[in-house]
Structures are given as structure tokens and as C-alpha cells.
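Asks: Here it is, the structure, as C-alpha cells.
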Amino acid sequence: AITGAVVITACSFSACTPFGGSASRYNNADEQYNAADNESFNAFTDSLFRELASSDSLSLHALLENPCEYGIDDYDITLGRIDIDNIDDTSDITDYITKLNAFDKASLSKSQQITYDLLNKYLYTTLNYSDLYLLNTDLTPTIGIQIQLPLLFSEYTFMEKKDVEEYIQLLSDVDGYFNNLLEFEALRSVRGYTLSDDLLDEVISSCKSIADSAGDAEGMFIGTFNSRVDDLIFLTDDEKNVYKKQNEDAVINHVIPGYNALITTLASFKGTNQYSGGICNYPDGARYFEGLLESCLGWSKSIDEYNDLLDSYIRSYSIVMQKLLRKDPSLNSQFGTFSFGIDKPDQIIEDLKKKITDDYPALNDVNYNINYVSEALNDYASPAMYFMPQIDNLDINSIYINSAGTDSSDLYPTLAHEGYPGHLYQTNYFLSTNPSPLRTFLHCDGYDEGWGTYAQLYSYNFTEFKNVDEKTQAQLRQLYRDNDLLSLSLSSLSDLYVNYKNYDENALADYLKTYGIDKSATKQLYQYVIENPATYLSYSIGYYELNKLEKEMAASLGKSFKISDFHEA
């Protein structure tokens with residue numbers, strides 16, 4: 001399974017998409033600019049940032065504690081809406097492309113040129129695949145908005161009274177927001193694009209679990225809110241009681257009815273799906289898959305190129321592992337004897353912080369919280385997630401662990417992926433470079449998750465195997481890394497085969513059995529890649545590109561190469 005995910009703000013010009021945390025920080029909105037910057041370009045990107053940031057209030061609060069300091073002082077308290085009547089209108093995208101193209105790239109500073117390239121790629125990719133919007137849904141079994149929403153509300157910061165009041169207003173908009181999503185799902189249903197019945201059942205099951213627990217006095221909507229409000233020193237006891245009552249009313253009258261509406265309406269869509277299997281079976285589904293890859297990887301490579309790349313890595317890892325095991329068959333019996341020596345999350349994070357200091361550039365201390373996913377979400381949420389901080393309040397970084405999806409033996413590499421030197425480190429180091437605020441929207445999943453995978457594999461440097469010499473330790477660590485990468489590569493190629501080359505479950509099983517993967521594991525993988533097309537490739541291809549860059553830098557610098565220099569670059 002994929003180890004972890006970054007929860008970020010996703011934005012779209014023509015439709016509302018899942019919202020989440022964000023990344024970056026500036027003590028003052030003007031401090032990130034330098035003398036070499038083109039001021040007109042800064043004004044343009046800042047204007048676009050304000051428009052995107054204020055599209056819904058949950059995203060806005062995830063981005064900014066004080067929006068007014070960024071020129072955002074007039075916004076509606078809403079979770080956002082899909083403009084159903086104008087859903088295929090792309091005039092806003094073409095307008096921004098025209099404005100962007102009006103700038104001479106040579107007149108921009110180096111940092112601005114990076115922003116220019118990223119925005120240009122984002123706009124054109126969005127425009128080129130904008131006609132395929134009905135193939136996208138925010139309601140999916142594992143990473144759907146119905147699962148993200150309770151976690152996002154749990155992460156909503158209360159720094160002043162206004163935050164508490166806006167939080168309650170947003171809770172009161174949950175039913176309206178879900179009803180709008182269901183209007184969009186109705187359009188998909190008419191075209192036969194609804195999720196298959198088994199996937200709909202999973203989404204409905206997650207909604208039932210949340211709806212059944214939402215009203216619990218100790219649950220994630222009421223109990224968590226009450227305990228957080230009790231800790232707010234800027235509220236009187238009377239104010240706390242009033243807000244607790246308002247929150248409970250919002251949960252009972254808006255959150256639970258919203259989830260019940262999802263349950264009822266999605267159930268009514270069962271039987272309307274006309275296209276089984278991978279996304280390529282849908283009209284223009286293969287092109288949609290190409291668009292997903294182009295968007296998440298930032299490349300315009302062909303599917304055949306990705307196929308060949310994954311094939312080459314699978315052969316490479318298989319050969320290396322076979323050679324190691326033939327040379328020393330005892331490695332096989334020692335393979336499961338490793339230990340990281342620590343199993344408590346906070347101790348793991350602190351251990352990683354210390355152990356990466358020689359190989360990674362220094363970073364000031366970062367505050368973070370480690371939380372566990374609510375029991376109601378255990379069967380549905382990802383194994384782990386990192387929630388990014390607000391731009392103007394870096395003190396709140398959160399990592400969520402799903403105890404049902406993460407074994408204790410996986411905890412150390414999982415927290416390397418999510419924490420140090422993974423997403424938490426990656427994010428906060430990036431912020432220290434003072435990028436344009438717009439960069440908080442221009443994420444590349446391949447880079448983010450490629451780095452997380454790189455960090456996860458790096459953590460195997462710290463494994464210890466019982467009663468073996470240092471040479472054998474090194475061989476076993478290599479086996480673990482190559483085994484993880486072989487598994488990730490096979491999963492990624494399976495994703496491509498199912499969603500682009502139309503492999504059914506039997507064809508996939510025939511392919512995977514040559515690598516010793518049984519039908520039970522194949523069934524789980526087949527189901528996952530149908531639910532989340534192209535997701536695996538952001539992890540694998542992203543990692544491979546980083547690894548390629550490392551090798552190129554090492555070859556170029558020779559004996560003067562230092563891994564810390566590569567990480568800094």
C-alpha cells in the first residue's frame with residue numbers, strides 16, 4: 001500500500017475540488033520579493049493567489065490565519081460550490097493564459113521564472129483536459145472528500161473568536177456543499193459515469209460510519225470541538241458553552257443530514273454505471289489517464305515511455321535482488337529480523353531529526369502534532385497523512401496515523417515519509433526559501449510523493465539486523481529498498497495496465513503471478529488502481545526522477561559530490 005499522503009489545497013478554475021491544508025510562510029506579505037523581481041509579475045501572481053485562496057473558506061483558513069494581511073478581507077463563509085450552469089466554461093483559464101503570456105520571461109527573476117513555468121504548465125494542462133470534467137469525482141472510497149472533511153475540520157485552528165464563529169458557519173454549510181456535489185454526481189450518473197456499485201457501497205459505508213458517530217459526545221465533531229474550545233483562553237466560560245451548543249446544533253442539523261443525503265442519493269445511483277474496469281473503458285478515458293499523469297508528474301511523456309521506464313526498473317531490481325540472494329542465501333532467512341529500535345511516534349520523529357543532520361541541510365525547529373485517525377475512519381482513510389501549515393502560522397504541522405492501516409513495523413519508514421526528512425521537512429525547508437504565495441497552489445504530486453518515497457527508503461539506513469556484520473547489514477538494507485521499489489514499480493505498472501491498457505483482473509493476475517503475487521493481493525491492487533488511477537505513478541516515477549538527478553549530479557561532480565549538497569539542491 002502507498003505509505004502516506006500530503007493533504008494540500010487543490011484548486012480548479014471551473015469546478016470546486018477537494019480542499020485541505022497548504023504550505024508556506026511569510027511574516028509579511030511583501031518579504032518574499034527581492035530587488036530583481038518584476039513588480040508587475042508579482043502583482044499578477046498575487047492577484048491570482050487571492051482569487052484562488054478565497055474560492056472557499058475552508059481552503060482559505062487552511063492557507064491563512066490572517067487573510068486581510070494578504071489583501072483578502074471580503075469573502076463568503078462557504079465550503080465552495082461547483083457552478084453547475086457554467087461547468088464547461090474555460091474563459092477564466094484562457095484569460096490567465098493571455099495575461100501570463102504578456103510577460104517576457106527573460107524580464108523575470110530566477111524565482112519568478114520557476115513560478116512562470118509551473119503556472120504555464122498548470123494552466124495549459126488544465127485547459128487541454130478541461131472537457132473531461134465528468135470523469136472526475138470527489139467522492140471516492142479512500143481519499144474522497146467525505147473522509148477528508150472531518151479531518152480538515154479537526155485541523156481548523158482557533159486563534160481568535162472569529163475563527164470559532166466561522167468554523168460553526170462552515171459546519172452549517174456541509175449539507176449545502178454535499179447537495180451541490182450530488183448535483184454534479186447526477187450529471188455523471190446520466191452519462192453512466194457513476195462509480196461501480198461495489199465502489200459506491202464503499203463510499204456509502206464510509207458516510208454511514210461518519211454519520212453514525214458524528215453526534216457522539218466524545219466523537220470527532222462534538223467531543224474534539226468541545227475539548228479544543230475548553231483550551232481557548234480568549235473565551236469566557238459562557239462563550240464556550242454558547243459555542244458548544246451552536247456546534248452541536250450545526251452537527252445535528254447540517255453535518256449528519258449532509259452525510260445522510262450522500263447515503264440516500266448515492267444509493268439511488270446504483271446500477272447506472274455503464275463502464276466497468278479501468279478508466280480507459282470510459283469515453284475518452286485513456287486521454288483522461290494521460291491528463292492525470294501529465295498533471296501529477298509535470299511531464300508530457302508518452303504512456304509507452306512510462307511503461308518502458310517501469311519495465312526497466314522492475315528488471316533491474318529483480319536482477320539485483322536475485323544476485324544478492326544467490327551470493328548469500330542466508331540473507332533470505334535474515335530478511336525479517338530487522339528493527340529500528342523505536343516504536344513510539346514522537347520518539348521516532350525526534351530520532352529521525354537527529355540522524356538526518358549530516359546528510360540534509362539544517363532546518364529550524366518545527367512544531368508538530370501526531371494524531372490518530374478517528375475510529376470511524378479507520379477502515380477508509382489512508383495509512384498516514386501530513387497536513388501542511390498555514391502560510392502565516394507555521395507552528396501547526398500535523399501528521400495523522402491510521403492505526404488500522406499502519407503496522408508497528410512500518411511506523412518508522414512511514415514517519416520518515418511524512419515527517420523527517422519527508423513531507424514535513426520538505427515543506428518547511430521549501431517555505432524558508434520565501435517562494436511566491438501562488439506556489440502554494442502549484443504542487444507537483446510526482447515531486448511531493450517522489451521525495452516522500454525517497455525519504456522513506458533513506459530511513460532504511462537506520463535499520464539494525466540481529467547478529468550480522470556490517471557488510472551483511474548493508475546488503476539487507478539494499479534488499480529492503482529494492483523490494484519496496486520492486487513492489488511499487490509493479491503496482492505502478494499495474495495501474496497503467498488496468499487504466500490505460502484495459503487489463504481486467506484475470507489478465508492482471510496472470511502478469512503478477514510471475515512475481516509470486518497471489519490472487520488475493522491482485523484483487524486488492526486491482527480495486528485500488530480503479531479507485532485511484534495514476535496515484536501509484538506519482539510515487540514511483542517521482543522517486544525515479546529524483547534518483548536519476550542524484551546519479552547525474554554524482555557523475556558530474558565525481559569525488560567532490562556530497563549527498564547533503566544534492567539534498568540542498
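Scheme for the C-alpha cells: letters A, B, ... for chains in order shown; per-chain residue numbers from 1; ligand numbers from 1 in order shown.
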Once you count only C-alpha atoms, what closest atom pair and distance in Å to one decimal does each residue of range 96-168 of chain A within 10 Å of range 55-72 of chain A have, with rows by chain and rising residue number, as a Markdown table?
Replies:
```
| residue | atom | partner | partner_atom | distance |
| --- | --- | --- | --- | --- |
| A:Leu149 | CA | A:Leu58 | CA | 9.6 |
| A:Leu152 | CA | A:Leu58 | CA | 8.1 |
| A:Phe153 | CA | A:Leu58 | CA | 8.3 |
| A:Glu155 | CA | A:Ala62 | CA | 8.4 |
| A:Tyr156 | CA | A:Ala62 | CA | 7.1 |
| A:Thr157 | CA | A:His61 | CA | 8.1 |
| A:Phe158 | CA | A:Glu65 | CA | 9.1 |
| A:Met159 | CA | A:Glu65 | CA | 7.9 |
| A:Glu160 | CA | A:Glu65 | CA | 9.6 |
| A:Asp163 | CA | A:His61 | CA | 8.6 |
| A:Glu166 | CA | A:Ser57 | CA | 8.4 |
| A:Tyr167 | CA | A:Leu58 | CA | 8.4 |
```
Asks: Please, which residues of range 327-431 of chain A, numbered as in this document, come out helix (DSSP H, G or I) from DSSP, as a ChimeraX atom specification?
Replies: /A:327,330-334,345-355,375-377,408-418,423-431
Asks: Pick out each residue of range 276-501 of chain A that DSSP on the backbone tags as strand (DSSP E); I need them as a compact mmCIF listing (two decimals) with all heavy atoms, in the first residue's frame.
Replies:
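Below is the file selection03.txt, written as the result:
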```
# COMPACT_ATOMS: atom_id res chain seq x y z
N PHE A 338 14.86 -7.42 11.07
CA PHE A 338 15.32 -6.05 11.28
C PHE A 338 14.53 -5.36 12.39
O PHE A 338 13.43 -5.77 12.77
CB PHE A 338 15.18 -5.24 9.99
CG PHE A 338 13.76 -4.81 9.69
CD1 PHE A 338 13.32 -3.55 10.04
CD2 PHE A 338 12.88 -5.67 9.07
CE1 PHE A 338 12.04 -3.14 9.77
CE2 PHE A 338 11.58 -5.28 8.79
CZ PHE A 338 11.15 -4.01 9.14
N SER A 339 15.10 -4.29 12.89
CA SER A 339 14.43 -3.47 13.89
C SER A 339 14.97 -2.04 13.79
O SER A 339 16.15 -1.83 13.47
CB SER A 339 14.69 -4.02 15.29
OG SER A 339 14.24 -3.10 16.27
N ASN A 369 2.30 18.05 15.55
CA ASN A 369 1.42 17.19 16.35
C ASN A 369 1.28 15.85 15.63
O ASN A 369 1.20 15.80 14.41
CB ASN A 369 0.03 17.82 16.49
CG ASN A 369 0.07 19.17 17.18
OD1 ASN A 369 0.64 19.31 18.24
ND2 ASN A 369 -0.55 20.17 16.55
N ILE A 370 1.25 14.78 16.41
CA ILE A 370 0.97 13.45 15.86
C ILE A 370 -0.38 13.00 16.41
O ILE A 370 -0.59 12.95 17.62
CB ILE A 370 2.07 12.45 16.24
CG1 ILE A 370 3.40 12.88 15.64
CG2 ILE A 370 1.71 11.06 15.74
CD1 ILE A 370 4.58 12.01 16.03
N ASN A 371 -1.31 12.72 15.49
CA ASN A 371 -2.66 12.32 15.86
C ASN A 371 -3.01 10.99 15.23
O ASN A 371 -2.38 10.57 14.24
CB ASN A 371 -3.68 13.39 15.40
CG ASN A 371 -3.33 14.77 15.90
OD1 ASN A 371 -3.33 15.03 17.10
ND2 ASN A 371 -3.05 15.69 14.98
N TYR A 372 -4.00 10.36 15.78
CA TYR A 372 -4.51 9.12 15.20
C TYR A 372 -5.87 9.37 14.58
O TYR A 372 -6.69 10.11 15.14
CB TYR A 372 -4.59 8.01 16.26
CG TYR A 372 -3.24 7.40 16.55
CD1 TYR A 372 -2.39 7.94 17.52
CD2 TYR A 372 -2.79 6.30 15.83
CE1 TYR A 372 -1.15 7.40 17.78
CE2 TYR A 372 -1.53 5.75 16.08
CZ TYR A 372 -0.73 6.30 17.04
OH TYR A 372 0.52 5.77 17.28
N ALA A 384 -1.48 7.02 6.38
CA ALA A 384 -0.92 8.17 7.09
C ALA A 384 -1.07 9.40 6.21
O ALA A 384 -1.17 9.30 4.98
CB ALA A 384 0.56 7.95 7.42
N MET A 385 -1.11 10.58 6.85
CA MET A 385 -1.28 11.84 6.13
C MET A 385 -0.51 12.94 6.84
O MET A 385 -0.41 12.94 8.06
CB MET A 385 -2.76 12.23 6.07
CG MET A 385 -3.62 11.34 5.21
SD MET A 385 -5.37 11.50 5.64
CE MET A 385 -5.45 10.48 7.12
N TYR A 386 0.01 13.87 6.06
CA TYR A 386 0.63 15.08 6.60
C TYR A 386 -0.22 16.28 6.22
O TYR A 386 -0.55 16.46 5.05
CB TYR A 386 2.05 15.25 6.06
CG TYR A 386 2.63 16.63 6.30
CD1 TYR A 386 2.76 17.13 7.60
CD2 TYR A 386 3.04 17.44 5.26
CE1 TYR A 386 3.28 18.39 7.83
CE2 TYR A 386 3.56 18.69 5.48
CZ TYR A 386 3.68 19.17 6.77
OH TYR A 386 4.20 20.43 7.01
N PHE A 387 -0.62 17.07 7.21
CA PHE A 387 -1.39 18.29 6.97
C PHE A 387 -0.45 19.49 7.05
O PHE A 387 0.20 19.72 8.07
CB PHE A 387 -2.51 18.43 8.00
CG PHE A 387 -3.70 17.56 7.71
CD1 PHE A 387 -3.64 16.20 7.95
CD2 PHE A 387 -4.86 18.09 7.19
CE1 PHE A 387 -4.73 15.38 7.69
CE2 PHE A 387 -5.95 17.29 6.92
CZ PHE A 387 -5.89 15.93 7.17
N SER A 398 0.72 18.85 11.24
CA SER A 398 0.06 17.66 11.81
C SER A 398 0.30 16.43 10.95
O SER A 398 0.21 16.49 9.72
CB SER A 398 -1.44 17.90 11.94
OG SER A 398 -1.72 18.90 12.90
N ILE A 399 0.60 15.34 11.63
CA ILE A 399 0.69 14.03 10.98
C ILE A 399 -0.39 13.14 11.59
O ILE A 399 -0.51 13.04 12.80
CB ILE A 399 2.08 13.39 11.20
CG1 ILE A 399 3.16 14.22 10.49
CG2 ILE A 399 2.10 11.95 10.70
CD1 ILE A 399 4.57 13.76 10.79
N TYR A 400 -1.19 12.52 10.71
CA TYR A 400 -2.21 11.58 11.16
C TYR A 400 -1.80 10.17 10.80
O TYR A 400 -1.35 9.91 9.68
CB TYR A 400 -3.56 11.91 10.51
CG TYR A 400 -4.34 12.99 11.23
CD1 TYR A 400 -4.01 14.33 11.07
CD2 TYR A 400 -5.39 12.67 12.07
CE1 TYR A 400 -4.70 15.32 11.73
CE2 TYR A 400 -6.11 13.65 12.73
CZ TYR A 400 -5.76 14.98 12.56
OH TYR A 400 -6.47 15.96 13.23
N ILE A 401 -1.96 9.28 11.76
CA ILE A 401 -1.65 7.86 11.55
C ILE A 401 -2.95 7.07 11.65
O ILE A 401 -3.74 7.27 12.58
CB ILE A 401 -0.66 7.35 12.61
CG1 ILE A 401 0.66 8.14 12.53
CG2 ILE A 401 -0.40 5.86 12.44
CD1 ILE A 401 1.59 7.86 13.70
N GLU A 464 18.56 -2.03 11.95
CA GLU A 464 19.59 -2.88 12.53
C GLU A 464 19.13 -4.33 12.46
O GLU A 464 17.98 -4.63 12.81
CB GLU A 464 19.86 -2.48 13.99
CG GLU A 464 20.47 -1.09 14.13
CD GLU A 464 20.75 -0.74 15.59
OE1 GLU A 464 20.52 -1.62 16.44
OE2 GLU A 464 21.18 0.40 15.84
N PHE A 465 20.01 -5.21 11.97
CA PHE A 465 19.69 -6.63 11.88
C PHE A 465 20.49 -7.39 12.93
O PHE A 465 21.63 -7.04 13.24
CB PHE A 465 20.01 -7.14 10.48
CG PHE A 465 19.15 -6.54 9.40
CD1 PHE A 465 19.50 -5.33 8.82
CD2 PHE A 465 17.99 -7.16 8.98
CE1 PHE A 465 18.71 -4.75 7.84
CE2 PHE A 465 17.20 -6.60 7.99
CZ PHE A 465 17.56 -5.40 7.42
```
Asks: Considering only C-alpha atoms, can you say which of A:Thr414, A:Pro389, A:Ala455, A:Leu324 comes closest to Leu431 in chain A?
Replies: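 Between A:Thr414, A:Pro389, A:Ala455, A:Leu324, the residue approaching Leu431 in chain A most closely is A:Pro389.
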Asks: Just want the 10 Å neighbourhood of Asp284 in chain A, counted on only C-alpha atoms, with same-chain residues fewer than 3 positions away dropped. Output as an MDAnalysis selection string.
Replies: chainID A and resid 131:132 135 279:281 287:289
Asks: Can you write just those residues out, C-alpha atoms, as a CSV table (one decimal), in the first residue's frame?
Replies:
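Okay, this is what ended up in out-v3.csv:
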```csv
chain,number,residue,atom,x,y,z
A,131,ASP,CA,-13.6,18.8,-21.4
A,132,LEU,CA,-13.2,15.6,-19.4
A,135,LEU,CA,-14.6,11.7,-15.4
A,279,ILE,CA,-10.8,4.4,-16.5
A,280,CYS,CA,-9.8,3.7,-20.1
A,281,ASN,CA,-13.2,2.0,-20.6
A,287,ARG,CA,-6.9,10.6,-22.7
A,288,TYR,CA,-8.1,11.3,-19.2
A,289,PHE,CA,-5.5,9.0,-17.8
```
Asks: Provide the CA of Ile314 in chain A to CA of Glu531 in chain A distance in Å, to one decimal place.
Replies: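 Calculated distance between CA of Ile314 in chain A and CA of Glu531 in chain A is 23.7 Å.
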Asks: Tell me which protein, DNA and RNA residues are within 6 Å of Leu352 in chain A, counting only C-alpha atoms, leaving out same-chain ones fewer than 3 positions away, and put them as a PyMOL selection string.
Replies: chain A and resi 349+355+420
Asks: Please produce a file of the residues just selected, as a PDB file, in the first residue's frame, where the atoms kept are all heavy atoms.
Replies:
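Saved to again-v5.pdb:
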```pdb
ATOM      1  N   ILE A 349      10.124  10.455  15.385  1.00  0.00           N
ATOM      2  CA  ILE A 349      10.344  11.754  14.742  1.00  0.00           C
ATOM      3  C   ILE A 349      11.615  12.406  15.273  1.00  0.00           C
ATOM      4  O   ILE A 349      12.453  12.904  14.500  1.00  0.00           O
ATOM      5  CB  ILE A 349       9.141  12.687  14.968  1.00  0.00           C
ATOM      6  CG1 ILE A 349       7.911  12.185  14.195  1.00  0.00           C
ATOM      7  CG2 ILE A 349       9.477  14.112  14.546  1.00  0.00           C
ATOM      8  CD1 ILE A 349       7.953  12.452  12.717  1.00  0.00           C
ATOM      9  N   LYS A 355      19.221  12.005  13.212  1.00  0.00           N
ATOM     10  CA  LYS A 355      20.021  11.165  12.330  1.00  0.00           C
ATOM     11  C   LYS A 355      20.190  11.724  10.915  1.00  0.00           C
ATOM     12  O   LYS A 355      21.076  11.288  10.182  1.00  0.00           O
ATOM     13  CB  LYS A 355      19.416   9.759  12.265  1.00  0.00           C
ATOM     14  CG  LYS A 355      19.662   8.968  13.548  1.00  0.00           C
ATOM     15  CD  LYS A 355      19.062   7.581  13.490  1.00  0.00           C
ATOM     16  CE  LYS A 355      19.423   6.782  14.750  1.00  0.00           C
ATOM     17  NZ  LYS A 355      18.774   5.457  14.782  1.00  0.00           N
ATOM     18  N   TYR A 420      10.346  13.602   8.961  1.00  0.00           N
ATOM     19  CA  TYR A 420      11.755  13.898   8.626  1.00  0.00           C
ATOM     20  C   TYR A 420      12.396  12.666   7.992  1.00  0.00           C
ATOM     21  O   TYR A 420      12.291  11.578   8.569  1.00  0.00           O
ATOM     22  CB  TYR A 420      12.543  14.253   9.892  1.00  0.00           C
ATOM     23  CG  TYR A 420      12.219  15.581  10.497  1.00  0.00           C
ATOM     24  CD1 TYR A 420      11.151  15.725  11.375  1.00  0.00           C
ATOM     25  CD2 TYR A 420      12.990  16.703  10.202  1.00  0.00           C
ATOM     26  CE1 TYR A 420      10.858  16.944  11.945  1.00  0.00           C
ATOM     27  CE2 TYR A 420      12.708  17.935  10.786  1.00  0.00           C
ATOM     28  CZ  TYR A 420      11.635  18.053  11.655  1.00  0.00           C
ATOM     29  OH  TYR A 420      11.346  19.257  12.218  1.00  0.00           O
TER      30      TYR A 420
END
```
Asks: Could you check the closest approach to Thr126 in chain A for each of A:Glu294, A:Asp359, A:Glu39, A:Asp173 and tell me which residue wins, using only C-alpha atoms?
Replies: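 Under the stated criterion, the closest residue is A:Glu294.
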Asks: Using only C-alpha atoms, determine which residues lie at most 6 Å from range 438-451 of chain A, disregarding the query and same-chain residues fewer than 3 positions distant; provide the list as a PyMOL selection string.
Replies: chain A and resi 23+49+296-297+454+538-539+542-543
Asks: Since we have the selection now, will you write its residues out, keeping N, CA, C and O atoms, as a PDB file, in the first residue's frame?
Replies:
```pdb
ATOM      1  N   ALA A  23       0.874  25.081   2.207  1.00  0.00           N
ATOM      2  CA  ALA A  23       2.256  25.162   2.625  1.00  0.00           C
ATOM      3  C   ALA A  23       2.839  26.511   2.318  1.00  0.00           C
ATOM      4  O   ALA A  23       2.639  27.036   1.258  1.00  0.00           O
ATOM      5  N   PHE A  49      -3.403  34.475  -6.699  1.00  0.00           N
ATOM      6  CA  PHE A  49      -3.387  33.808  -5.399  1.00  0.00           C
ATOM      7  C   PHE A  49      -4.613  34.189  -4.579  1.00  0.00           C
ATOM      8  O   PHE A  49      -5.281  33.326  -3.998  1.00  0.00           O
ATOM      9  N   CYS A 296       0.028  15.173 -12.603  1.00  0.00           N
ATOM     10  CA  CYS A 296       0.688  14.794 -11.352  1.00  0.00           C
ATOM     11  C   CYS A 296       2.191  14.670 -11.494  1.00  0.00           C
ATOM     12  O   CYS A 296       2.915  14.759 -10.498  1.00  0.00           O
ATOM     13  N   LEU A 297       2.683  14.490 -12.730  1.00  0.00           N
ATOM     14  CA  LEU A 297       4.126  14.322 -12.920  1.00  0.00           C
ATOM     15  C   LEU A 297       4.795  15.543 -13.548  1.00  0.00           C
ATOM     16  O   LEU A 297       6.011  15.690 -13.474  1.00  0.00           O
ATOM     17  N   TYR A 454      11.519   8.802  -1.441  1.00  0.00           N
ATOM     18  CA  TYR A 454      12.970   8.905  -1.268  1.00  0.00           C
ATOM     19  C   TYR A 454      13.316   8.922   0.220  1.00  0.00           C
ATOM     20  O   TYR A 454      14.224   8.223   0.678  1.00  0.00           O
ATOM     21  N   SER A 538       2.780   8.632  -9.274  1.00  0.00           N
ATOM     22  CA  SER A 538       3.386   9.839  -8.703  1.00  0.00           C
ATOM     23  C   SER A 538       4.452   9.467  -7.684  1.00  0.00           C
ATOM     24  O   SER A 538       5.451  10.179  -7.527  1.00  0.00           O
ATOM     25  N   TYR A 539       4.290   8.340  -6.996  1.00  0.00           N
ATOM     26  CA  TYR A 539       5.272   7.869  -6.025  1.00  0.00           C
ATOM     27  C   TYR A 539       6.491   7.265  -6.729  1.00  0.00           C
ATOM     28  O   TYR A 539       7.633   7.582  -6.393  1.00  0.00           O
ATOM     29  N   GLY A 542       8.061   9.734  -9.568  1.00  0.00           N
ATOM     30  CA  GLY A 542       8.653  10.849  -8.827  1.00  0.00           C
ATOM     31  C   GLY A 542       9.958  10.453  -8.160  1.00  0.00           C
ATOM     32  O   GLY A 542      10.948  11.190  -8.219  1.00  0.00           O
ATOM     33  N   TYR A 543       9.979   9.280  -7.550  1.00  0.00           N
ATOM     34  CA  TYR A 543      11.215   8.801  -6.925  1.00  0.00           C
ATOM     35  C   TYR A 543      12.299   8.562  -7.967  1.00  0.00           C
ATOM     36  O   TYR A 543      13.462   8.948  -7.775  1.00  0.00           O
TER      37      TYR A 543
END
```
Asks: Tell me, in Å to one decimal, how far CA of Tyr96 in chain A is from CA of Asp83 in chain A.
Replies: 18.9 Å
Asks: Which residues of range 97-144 of chain A have any atom within 9 Å of an atom in range 195-199 of chain A when counting only C-alpha atoms, and what is the closest pair of atoms for each, with the distance in Å to one decimal? Order the rows by chain and rising number and write it as a Markdown table.
Replies:
```
| residue | atom | partner | partner_atom | distance |
| --- | --- | --- | --- | --- |
| A:Thr137 | CA | A:Leu195 | CA | 8.8 |
| A:Thr140 | CA | A:Leu199 | CA | 7.6 |
| A:Pro141 | CA | A:Leu199 | CA | 6.6 |
```
Asks: Give the answer as one residue: which of A:Tyr412, A:Tyr425, A:Tyr317, A:Phe566 has the shortest atom-to-atom distance to Ala362 in chain A, using only C-alpha atoms?
Replies: A:Tyr425
Asks: Measure the distance from CA of Tyr497 in chain A to CA of Arg315 in chain A in Å and round it to one decimal.
Replies: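 Distance reported for this atom pair: 17.0 Å.
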Asks: For Tyr177 in chain A, which of A:Val164, A:Ala534, A:Ile222, A:Ala261 is the closest residue, counting only C-alpha atoms?
Replies: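 Checking each of A:Val164, A:Ala534, A:Ile222, A:Ala261 against Tyr177 in chain A, counting only C-alpha atoms, the winner is A:Ala261.
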Asks: For Glu165 in chain A, please output as a PyMOL selection string all residues within 12 Å (counting only C-alpha atoms; exclusion window: fewer than 3 positions along the same chain).
Replies: chain A and resi 77+156-162+168-172+229+235+239-240+242-244+246-247+250
